[in-house]
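Worksheet: one structure, shown below.
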Amino acid sequence: MTTEHDTHPSPAQYWKIAALLAVLTVFEVAMFYIDRELGLGGLNALILISLALLKFVIVVGWYMHLRFENAIPSRFFTAGAILAVGLYLVVLSAMGVVVIRG
Amino acid sequence: MSDVAHDTPVSHHDEHESTGIDNRKLGMWVFLSSEFMFFGALIATYLLYSNRGGFEGTYPSEIYDIPFTSVSSFVLLMSSLTRVLAHNALSKGDQNGTRTWLFATAALGAVFLGGQVFEFTEFVTKYDMTLSSNPAASAFYLLTGFHGTHVAIGVIMLLSLWGISRRRGGLSEKQGMSLELVGLYWHFVDIIWIVIFTVVYLLSVPPA
């Protein structure tokens, strides 16, 4: 019988993941101040959104154990996220807040 | 005490349904999926009004305290670590460890909430930015307030499990599933804050 101990990360791995999340957060905050000095604009937004997405995926995959589950919860969760992001991107672009270039 | 499996690893995968996953767990995943719509609406509303000029009063983006919010974000992020450590301890039958990490998770959540109360108090008393100051302020308080409410509900659920564990000398297998469900909810609250911290705080643009 496969138990959780076999499939889920060990406490040491959980600590390493937490350290990675902390480093990514420090990097995010650093980007905020770098942008203030250098005015990176769109590049700063791209980097910050990428970092947030990476943190999001790490928490969902390892802490919520989604990468160890079967495909059904993964499909539900991903569908909800994509639907929400897609819908509100369309709304915001219609309102002129977000410009989507084709 | 009779329903507690002392010193025996707790497995949450015994009650498989036709989907191959416990129905309660699948229900929680579907619920969390629907929560994306809820928070998506609040974030979109904030983005719509955050830098739309022409209104009186202070805008949130003019007064954010990024170092303070960064520490709050770090605290909430680390509460996800303590939550998985509680789960891990329970799966090994370590009831004391489970209680310790559960309490640590609730405590970190409470610290985050304290930070939010402090931030709101500062904004209102120091900068006179209230819920009705302008649409940006309303959207900000609505979004972060609803997130804070979710955190508060999570803290109550974690403390309830901690209380049950203390009272009964440990968590049973059934309660172990409750810990897993509360954990999913707690991590979801964390990932929503990851998005809010980036989109609302770090990418904030003051009104033209």
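Residues in the structure tokens are numbered from 1 in each chain, the chains being A, B, ... in the order shown, and ligands are numbered from 1 in the order shown.
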
Using only C-alpha atoms and a distance of at most 7 Å, pull out the residues of chain B that contact chain A, as a list in words. Ser11, Leu26, Trp29, Val30, Ser33, Ser34, Phe36, Met37, Gly40, Ala44, Leu48, Phe74, Met78, Leu81, Val84, Leu85, Leu184, His187, Ile191, Ile194, Val195, Thr198, Leu202 and Leu203 of chain B

Backbone DSSP call of alpha helix (DSSP H) for region 45-135 of chain B, listed as number ranges by chain: B: 45-49, 60-63, 66-91, 95-125, 135

When you look at Ser204 (chain B) with a cut-off of 10 Å (counting only C-alpha atoms), what residues show up, excluding the ones that are within fewer than 6 positions of it in the same chain? I need them as an NGL selection string. (:A and (32)) or (:B and (47 or 50-51 or 60-62 or 64 or 197-198))

Would you mind exporting the chosen residues as a short mmCIF file (atom, residue, chain, number, x, y, z; two decimals), in the first residue's frame, restricted to C-alpha atoms?
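Heads up, here's the output in result_9.cif:
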data_model
loop_
_atom_site.label_atom_id
_atom_site.label_comp_id
_atom_site.auth_asym_id
_atom_site.auth_seq_id
_atom_site.Cartn_x
_atom_site.Cartn_y
_atom_site.Cartn_z
CA PHE A 32 9.70 46.98 -6.44
CA LEU B 47 -7.65 47.39 -10.87
CA SER B 50 -7.02 51.96 -8.40
CA ASN B 51 -5.55 54.78 -10.49
CA PRO B 60 -4.41 53.46 -1.42
CA SER B 61 -1.45 53.38 -3.82
CA GLU B 62 -0.20 56.69 -2.39
CA TYR B 64 1.14 51.69 0.96
CA PHE B 197 0.53 41.34 -2.80
CA THR B 198 1.90 41.51 -6.34
#

What is the distance, in Å and to one decimal place, between CA of Ser138 (chain B) and CA of Pro67 (chain B)? 22.9 Å

Near-region 174-183 of chain B list (7 Å; only C-alpha atoms; drop same-chain fewer than 6 positions) as a compact mmCIF listing (two decimals) with C-alpha atoms, in the first residue's frame:
# COMPACT_ATOMS: atom_id res chain seq x y z
CA HIS B 12 -6.49 9.74 4.53
CA LYS B 25 -11.76 16.57 -0.76
CA MET B 28 -13.21 21.38 -1.36
CA ARG B 83 0.43 23.76 8.13
CA MET B 157 -11.01 26.33 11.93

Distance of CA of Val151 (chain B) from CA of Ala106 (chain B), expressed in Å to one decimal place: 9.4 Å

Distance in Å - CA of Arg52 (chain B) versus CA of Phe38 (chain B):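 Rounded to one decimal, the two atoms are 22.4 Å apart.
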